[in-house]
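Pasted below: run_24.txt, compact mmCIF, C-alpha atoms.
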# COMPACT_ATOMS: atom_id res chain seq x y z
CA MET A 933 -19.23 -6.59 -8.64
CA LEU A 934 -17.33 -4.64 -5.99
CA ASN A 935 -16.74 -0.91 -6.34
CA LYS A 936 -13.22 0.53 -6.30
CA GLN A 937 -13.31 1.50 -2.59
CA ASP A 938 -14.52 -1.96 -1.48
CA GLN A 939 -11.79 -3.53 -3.62
CA LEU A 940 -9.14 -1.31 -1.98
CA ASP A 941 -10.57 -2.24 1.48
CA LEU A 942 -10.10 -5.94 0.66
CA MET A 943 -6.59 -5.45 -0.77
CA PHE A 944 -5.30 -3.39 2.15
CA HIS A 945 -6.92 -5.87 4.58
CA ALA A 946 -5.16 -8.74 2.74
CA LEU A 947 -1.85 -6.88 3.05
CA ALA A 948 -2.33 -6.26 6.81
CA ASP A 949 -0.91 -9.65 7.83
CA SER A 950 2.78 -10.61 7.81
CA SER A 951 2.09 -14.25 6.74
CA ARG A 952 0.09 -13.07 3.74
CA ARG A 953 2.79 -10.51 2.88
CA SER A 954 5.41 -13.27 3.08
CA MET A 955 3.29 -15.37 0.65
CA LEU A 956 3.15 -12.43 -1.77
CA GLN A 957 6.91 -12.07 -1.38
CA GLN A 958 7.32 -15.73 -2.45
CA LEU A 959 4.90 -15.27 -5.35
CA GLY A 960 7.02 -12.33 -6.48
CA SER A 961 9.61 -14.86 -7.71
CA GLY A 962 7.04 -16.91 -9.63
CA PRO A 963 3.95 -19.10 -9.21
CA ARG A 964 3.91 -21.45 -6.18
CA SER A 965 1.72 -24.35 -5.07
CA VAL A 966 -0.14 -23.94 -1.76
CA SER A 967 2.20 -26.47 -0.09
CA GLU A 968 5.25 -24.56 -1.35
CA LEU A 969 3.74 -21.37 0.13
CA ALA A 970 3.18 -23.23 3.44
CA ARG A 971 6.79 -24.52 3.73
CA PRO A 972 8.55 -21.44 5.23
CA LEU A 973 5.57 -20.62 7.48
CA SER A 974 5.03 -22.28 10.85
CA MET A 975 1.35 -22.84 10.12
CA THR A 976 -1.03 -25.70 9.32
CA LEU A 977 -1.95 -26.24 5.66
CA ALA A 978 -5.57 -25.34 6.60
CA GLY A 979 -4.32 -22.01 7.95
CA VAL A 980 -2.39 -21.34 4.74
CA VAL A 981 -5.47 -22.18 2.64
CA GLN A 982 -7.48 -19.57 4.60
CA HIS A 983 -4.82 -16.92 3.90
CA VAL A 984 -4.74 -17.91 0.21
CA GLN A 985 -8.54 -17.44 0.09
CA ILE A 986 -8.28 -13.93 1.60
CA LEU A 987 -5.54 -13.02 -0.92
CA GLU A 988 -7.62 -14.44 -3.78
CA THR A 989 -10.85 -12.64 -2.72
CA SER A 990 -8.88 -9.37 -2.63
CA GLY A 991 -7.80 -9.93 -6.24
CA LEU A 992 -4.08 -9.72 -5.35
CA ILE A 993 -3.53 -13.33 -6.44
CA SER A 994 -5.23 -15.91 -8.62
CA SER A 995 -5.02 -19.68 -8.42
CA THR A 996 -5.63 -22.66 -10.71
CA LYS A 997 -6.18 -26.26 -9.64
CA VAL A 998 -4.74 -29.10 -11.71
CA GLY A 999 -5.41 -32.53 -10.20
CA ARG A 1000 -4.82 -32.16 -6.46
CA THR A 1001 -2.41 -29.21 -6.78
CA ARG A 1002 -3.55 -25.61 -6.48
CA THR A 1003 -1.01 -23.17 -7.95
CA CYS A 1004 -1.08 -19.49 -7.00
CA HIS A 1005 0.29 -16.51 -8.90
CA MET A 1006 0.34 -12.77 -8.29
CA ASN A 1007 -2.00 -10.44 -10.13
CA PRO A 1008 0.22 -7.44 -11.01
CA VAL A 1009 -2.75 -5.27 -12.10
CA ALA A 1010 -4.35 -5.47 -8.63
CA LEU A 1011 -1.11 -4.45 -6.92
CA SER A 1012 -0.87 -1.48 -9.33
CA ALA A 1013 -4.20 -0.17 -7.96
CA VAL A 1014 -2.78 -0.18 -4.43
CA GLU A 1015 0.51 1.35 -5.62
CA LYS A 1016 -1.38 4.11 -7.47
CA TRP A 1017 -3.40 5.05 -4.38
CA ILE A 1018 -0.25 5.26 -2.20
CA ALA A 1019 1.71 7.19 -4.85
CA GLU A 1020 -1.08 9.79 -5.17
CA ARG A 1021 -1.07 10.40 -1.40
CA GLN A 1022 2.72 10.52 -1.31
CA SER A 1023 2.94 13.06 -4.16
CA ASN A 1024 0.38 15.30 -2.39
CA VAL A 1025 2.46 15.19 0.79
CA GLU A 1026 5.61 16.00 -1.20
CA ARG A 1027 3.85 19.00 -2.79
CA GLN A 1028 2.91 20.12 0.74
CA LEU A 1029 6.55 19.83 1.87
CA ASP A 1030 7.72 21.74 -1.24
CA ARG A 1031 5.26 24.55 -0.44
CA LEU A 1032 6.48 24.60 3.17
CA GLY A 1033 10.09 24.74 1.91
CA GLU A 1034 9.22 27.70 -0.36
CA LEU A 1035 7.44 29.52 2.49
CA LEU A 1036 10.43 29.03 4.80
CA SER A 1037 12.85 30.16 2.12
CA ASN A 1038 10.74 33.26 1.27
CA ASN A 1039 10.53 34.04 4.98
CA THR A 1040 14.33 33.74 5.35
CA ASP A 1041 14.81 36.09 2.34
CA TYR A 1042 12.38 38.56 3.94
CA GLN A 1043 14.20 38.41 7.31
CA GLN A 1044 17.56 38.93 5.58
CA ARG A 1045 16.24 41.92 3.58
CA ARG A 1046 14.86 43.43 6.83
CA LYS A 1047 18.28 43.12 8.50
CA LYS A 1048 20.04 45.05 5.70
CA MET B 1277 8.70 -0.60 20.29
CA LEU B 1278 7.00 -2.39 17.39
CA ASN B 1279 9.04 -4.35 14.86
CA LYS B 1280 8.83 -3.52 11.14
CA GLN B 1281 6.29 -6.27 10.35
CA ASP B 1282 3.94 -5.24 13.18
CA GLN B 1283 4.19 -1.64 12.01
CA LEU B 1284 3.30 -2.65 8.43
CA ASP B 1285 0.35 -4.71 9.81
CA LEU B 1286 -0.97 -1.60 11.58
CA MET B 1287 -0.44 0.66 8.55
CA PHE B 1288 -2.14 -1.67 6.07
CA HIS B 1289 -4.98 -2.22 8.57
CA ALA B 1290 -5.36 1.57 8.91
CA LEU B 1291 -5.53 1.87 5.10
CA ALA B 1292 -8.18 -0.89 4.81
CA ASP B 1293 -11.10 1.47 5.44
CA SER B 1294 -12.51 3.97 2.95
CA SER B 1295 -13.31 6.60 5.66
CA ARG B 1296 -9.72 6.49 6.91
CA ARG B 1297 -8.42 6.68 3.33
CA SER B 1298 -10.66 9.69 2.70
CA MET B 1299 -9.19 11.35 5.84
CA LEU B 1300 -5.66 10.72 4.53
CA GLN B 1301 -6.76 12.17 1.19
CA GLN B 1302 -7.84 15.38 3.00
CA LEU B 1303 -4.60 15.48 5.00
CA GLY B 1304 -2.73 15.25 1.69
CA SER B 1305 -3.65 18.91 1.09
CA GLY B 1306 -2.48 20.05 4.53
CA PRO B 1307 -3.13 19.68 8.27
CA ARG B 1308 -6.79 19.51 9.35
CA SER B 1309 -8.61 19.66 12.69
CA VAL B 1310 -10.65 16.59 13.70
CA SER B 1311 -13.90 18.48 13.05
CA GLU B 1312 -12.69 19.50 9.58
CA LEU B 1313 -11.91 15.82 8.88
CA ALA B 1314 -15.41 14.90 10.09
CA ARG B 1315 -17.23 17.43 7.84
CA PRO B 1316 -17.37 15.46 4.53
CA LEU B 1317 -18.04 12.13 6.30
CA SER B 1318 -21.52 11.07 7.39
CA MET B 1319 -20.25 9.96 10.80
CA THR B 1320 -20.44 11.09 14.43
CA LEU B 1321 -17.48 13.01 15.82
CA ALA B 1322 -16.86 10.05 18.19
CA GLY B 1323 -16.58 7.75 15.16
CA VAL B 1324 -14.11 10.11 13.50
CA VAL B 1325 -12.02 10.26 16.70
CA GLN B 1326 -11.79 6.44 16.70
CA HIS B 1327 -10.56 6.45 13.08
CA VAL B 1328 -8.05 9.21 13.92
CA GLN B 1329 -6.73 7.04 16.78
CA ILE B 1330 -6.27 4.03 14.46
CA LEU B 1331 -4.42 6.24 11.93
CA GLU B 1332 -2.27 7.72 14.69
CA THR B 1333 -1.40 4.30 16.23
CA SER B 1334 -0.31 3.12 12.78
CA GLY B 1335 2.10 6.06 12.54
CA LEU B 1336 0.52 7.30 9.27
CA ILE B 1337 -0.57 10.56 10.95
CA SER B 1338 0.37 12.59 13.99
CA SER B 1339 -1.76 15.06 15.91
CA THR B 1340 -1.25 17.97 18.26
CA LYS B 1341 -3.80 19.46 20.64
CA VAL B 1342 -3.90 23.21 21.25
CA GLY B 1343 -6.70 24.25 23.61
CA ARG B 1344 -9.75 22.21 22.56
CA THR B 1345 -8.63 21.70 18.97
CA ARG B 1346 -6.75 18.59 17.84
CA THR B 1347 -4.95 19.12 14.52
CA CYS B 1348 -3.85 16.13 12.42
CA HIS B 1349 -1.14 15.95 9.79
CA MET B 1350 0.26 13.17 7.60
CA ASN B 1351 3.53 11.50 8.39
CA PRO B 1352 5.23 11.17 4.98
CA VAL B 1353 7.99 8.86 6.30
CA ALA B 1354 5.44 6.21 7.40
CA LEU B 1355 3.71 6.24 4.01
CA SER B 1356 7.14 5.76 2.38
CA ALA B 1357 7.54 2.44 4.26
CA VAL B 1358 4.25 1.19 2.78
CA GLU B 1359 5.18 2.52 -0.67
CA LYS B 1360 8.59 0.80 -0.50
CA TRP B 1361 7.03 -2.58 0.36
CA ILE B 1362 4.55 -2.34 -2.55
CA ALA B 1363 7.20 -1.13 -5.02
CA GLU B 1364 9.48 -4.06 -4.15
CA ARG B 1365 6.70 -6.59 -4.84
CA GLN B 1366 5.72 -4.78 -8.03
CA SER B 1367 9.29 -4.73 -9.38
CA ASN B 1368 9.62 -8.51 -8.70
CA VAL B 1369 6.41 -9.16 -10.63
CA GLU B 1370 7.66 -6.97 -13.47
CA ARG B 1371 10.94 -8.94 -13.59
CA GLN B 1372 8.84 -12.12 -13.78
CA LEU B 1373 6.83 -10.71 -16.69
CA ASP B 1374 10.06 -9.64 -18.45
CA ARG B 1375 11.47 -13.17 -18.08
CA LEU B 1376 8.22 -14.60 -19.44
CA GLY B 1377 8.42 -12.16 -22.38
CA GLU B 1378 12.01 -13.25 -23.11
CA LEU B 1379 11.06 -16.94 -22.93
CA LEU B 1380 8.15 -16.38 -25.32
CA SER B 1381 10.31 -14.38 -27.70
CA ASN B 1382 13.13 -17.01 -27.63
CA ASN B 1383 10.53 -19.69 -28.25
CA THR B 1384 9.12 -17.77 -31.25
CA ASP B 1385 12.68 -17.35 -32.67
CA TYR B 1386 13.26 -21.10 -32.21
CA GLN B 1387 9.96 -21.96 -33.94
CA GLN B 1388 10.80 -19.62 -36.82
CA ARG B 1389 14.30 -21.14 -37.23
CA ARG B 1390 12.76 -24.65 -37.25
CA LYS B 1391 10.35 -23.62 -40.02
CA LYS B 1392 13.19 -22.43 -42.27
Mind converting the file's structure to structure tokens?
Amino acid sequence: MLNKQDQLDLMFHALADSSRRSMLQQLGSGPRSVSELARPLSMTLAGVVQHVQILETSGLISSTKVGRTRTCHMNPVALSAVEKWIAERQSNVERQLDRLGELLSNNTDYQQRRKK
Amino acid sequence: MLNKQDQLDLMFHALADSSRRSMLQQLGSGPRSVSELARPLSMTLAGVVQHVQILETSGLISSTKVGRTRTCHMNPVALSAVEKWIAERQSNVERQLDRLGELLSNNTDYQQRRKK
């Protein structure tokens, strides 16, 4: 069982490739077979299978095999973990900018009072 | 000049490491010098500098050097690009789940009407 940090490592690594992001984009509209995922990409089927495995190991997608067809679908819960991490960082940065804005505004008030 | 996909590759790659994420977490509370970033990490200063370079190349942070001290700060605009990409995927998946919910609910209505 992976810990939360290792899981985030795998997810961000999976997202760090434009072909894998394009696959996730396709899966955003619904489940797709591996050959459907391969169609818009200029890549061998073997290459696509490798990317699918990286996405699956990261937990961002799951797949089921019926007969000879493997169908992939997104795992919304996994993407939420990534979204949560980013949103936390972003809100901290926004708080920082708010504080900076307040400091600047207080400083301007102080300068204006000094001029009077 | 990198295109948008290459930039996202670099940003997600930068995020795919728990030490770099922990540095971004620190920078979320305000600018930090490289040695301040190194303090909570069990890592040589040279190792930290390498991570800082990866974060800086990705555009997630910027740094300025005054005398011998390099100070790092987060770049909120870059993080917004990552956040936007994730949010778009997430909203597509949510639409998918809504459609599935509607289908299931219509199907239940149909079954109930058939029973009457």
Which residues are near Gln1283 of chain B? Cut-off 9 Å, only C-alpha atoms, ignore same chain within fewer than 4 positions. Put them as JSON, numbers by chain. {"B": [1278, 1279, 1287, 1288, 1334, 1335]}
Could you list, as a VMD selection string, every residue within 12 Å of segment 1014-1019 of chain A, counting all atoms listed in the file and ignoring same-chain residues fewer than 5 positions away? (chain A and resid 936 to 937 939 to 947 990 to 992 1007 to 1009 1024 to 1026) or (chain B and resid 1287 to 1288 1291 to 1292 1294 1297 to 1298 1300 to 1301 1304 1336 1352 1354 to 1367)
Using only C-alpha atoms: which of B:Arg1315, B:Arg1371, B:Lys1341, B:His1327 has the shortest distance to chain A: B:Arg1371
Over all C-alpha pairs taken in sequence order, what does chain B look like after a least-squares fit onto chain A? Please give it as a short mmCIF file (atom, residue, chain, number, x, y, z; two decimals) with C-alpha atoms, in the frame of the given file.
data_model
loop_
_atom_site.label_atom_id
_atom_site.label_comp_id
_atom_site.auth_asym_id
_atom_site.auth_seq_id
_atom_site.Cartn_x
_atom_site.Cartn_y
_atom_site.Cartn_z
CA MET B 1277 -19.23 -6.58 -8.66
CA LEU B 1278 -17.32 -4.64 -5.99
CA ASN B 1279 -16.76 -0.91 -6.34
CA LYS B 1280 -13.22 0.53 -6.29
CA GLN B 1281 -13.32 1.48 -2.59
CA ASP B 1282 -14.53 -1.97 -1.49
CA GLN B 1283 -11.80 -3.54 -3.61
CA LEU B 1284 -9.14 -1.33 -1.98
CA ASP B 1285 -10.57 -2.25 1.47
CA LEU B 1286 -10.11 -5.95 0.65
CA MET B 1287 -6.60 -5.46 -0.77
CA PHE B 1288 -5.31 -3.41 2.16
CA HIS B 1289 -6.92 -5.89 4.58
CA ALA B 1290 -5.18 -8.76 2.73
CA LEU B 1291 -1.85 -6.90 3.05
CA ALA B 1292 -2.34 -6.28 6.81
CA ASP B 1293 -0.92 -9.66 7.83
CA SER B 1294 2.76 -10.61 7.81
CA SER B 1295 2.07 -14.26 6.75
CA ARG B 1296 0.07 -13.07 3.74
CA ARG B 1297 2.78 -10.52 2.89
CA SER B 1298 5.40 -13.27 3.10
CA MET B 1299 3.28 -15.37 0.68
CA LEU B 1300 3.14 -12.43 -1.75
CA GLN B 1301 6.91 -12.07 -1.36
CA GLN B 1302 7.32 -15.73 -2.44
CA LEU B 1303 4.90 -15.27 -5.34
CA GLY B 1304 7.03 -12.32 -6.45
CA SER B 1305 9.62 -14.84 -7.69
CA GLY B 1306 7.07 -16.92 -9.60
CA PRO B 1307 3.97 -19.11 -9.20
CA ARG B 1308 3.93 -21.46 -6.20
CA SER B 1309 1.72 -24.35 -5.09
CA VAL B 1310 -0.15 -23.95 -1.78
CA SER B 1311 2.17 -26.47 -0.11
CA GLU B 1312 5.24 -24.58 -1.36
CA LEU B 1313 3.75 -21.38 0.13
CA ALA B 1314 3.17 -23.24 3.42
CA ARG B 1315 6.77 -24.56 3.70
CA PRO B 1316 8.53 -21.48 5.22
CA LEU B 1317 5.56 -20.64 7.48
CA SER B 1318 5.01 -22.32 10.84
CA MET B 1319 1.32 -22.86 10.10
CA THR B 1320 -1.05 -25.74 9.30
CA LEU B 1321 -1.97 -26.27 5.66
CA ALA B 1322 -5.58 -25.35 6.59
CA GLY B 1323 -4.33 -22.00 7.93
CA VAL B 1324 -2.40 -21.36 4.72
CA VAL B 1325 -5.48 -22.19 2.63
CA GLN B 1326 -7.48 -19.57 4.58
CA HIS B 1327 -4.81 -16.93 3.89
CA VAL B 1328 -4.74 -17.93 0.20
CA GLN B 1329 -8.53 -17.44 0.07
CA ILE B 1330 -8.27 -13.94 1.59
CA LEU B 1331 -5.54 -13.02 -0.94
CA GLU B 1332 -7.61 -14.45 -3.79
CA THR B 1333 -10.83 -12.63 -2.73
CA SER B 1334 -8.87 -9.37 -2.65
CA GLY B 1335 -7.79 -9.94 -6.26
CA LEU B 1336 -4.07 -9.72 -5.35
CA ILE B 1337 -3.52 -13.34 -6.44
CA SER B 1338 -5.23 -15.90 -8.63
CA SER B 1339 -5.01 -19.67 -8.44
CA THR B 1340 -5.60 -22.63 -10.70
CA LYS B 1341 -6.15 -26.24 -9.66
CA VAL B 1342 -4.72 -29.08 -11.74
CA GLY B 1343 -5.42 -32.51 -10.23
CA ARG B 1344 -4.82 -32.13 -6.48
CA THR B 1345 -2.41 -29.22 -6.79
CA ARG B 1346 -3.54 -25.60 -6.49
CA THR B 1347 -0.99 -23.17 -7.96
CA CYS B 1348 -1.06 -19.48 -7.00
CA HIS B 1349 0.32 -16.51 -8.89
CA MET B 1350 0.35 -12.75 -8.28
CA ASN B 1351 -1.98 -10.44 -10.11
CA PRO B 1352 0.23 -7.45 -11.01
CA VAL B 1353 -2.74 -5.28 -12.10
CA ALA B 1354 -4.34 -5.46 -8.62
CA LEU B 1355 -1.09 -4.45 -6.90
CA SER B 1356 -0.87 -1.48 -9.31
CA ALA B 1357 -4.20 -0.16 -7.95
CA VAL B 1358 -2.78 -0.19 -4.40
CA GLU B 1359 0.50 1.35 -5.60
CA LYS B 1360 -1.39 4.11 -7.46
CA TRP B 1361 -3.41 5.05 -4.36
CA ILE B 1362 -0.26 5.26 -2.18
CA ALA B 1363 1.71 7.20 -4.82
CA GLU B 1364 -1.08 9.79 -5.13
CA ARG B 1365 -1.08 10.42 -1.36
CA GLN B 1366 2.71 10.52 -1.28
CA SER B 1367 2.94 13.06 -4.12
CA ASN B 1368 0.37 15.32 -2.33
CA VAL B 1369 2.45 15.20 0.85
CA GLU B 1370 5.58 15.99 -1.15
CA ARG B 1371 3.84 19.01 -2.73
CA GLN B 1372 2.92 20.13 0.80
CA LEU B 1373 6.54 19.82 1.93
CA ASP B 1374 7.71 21.75 -1.17
CA ARG B 1375 5.26 24.57 -0.38
CA LEU B 1376 6.48 24.61 3.22
CA GLY B 1377 10.08 24.77 1.95
CA GLU B 1378 9.22 27.71 -0.33
CA LEU B 1379 7.44 29.54 2.51
CA LEU B 1380 10.43 29.04 4.81
CA SER B 1381 12.85 30.16 2.13
CA ASN B 1382 10.74 33.28 1.28
CA ASN B 1383 10.55 34.05 4.97
CA THR B 1384 14.36 33.76 5.33
CA ASP B 1385 14.83 36.09 2.30
CA TYR B 1386 12.40 38.58 3.88
CA GLN B 1387 14.23 38.44 7.24
CA GLN B 1388 17.57 38.95 5.50
CA ARG B 1389 16.25 41.95 3.51
CA ARG B 1390 14.87 43.48 6.74
CA LYS B 1391 18.29 43.13 8.40
CA LYS B 1392 20.02 45.06 5.60
#
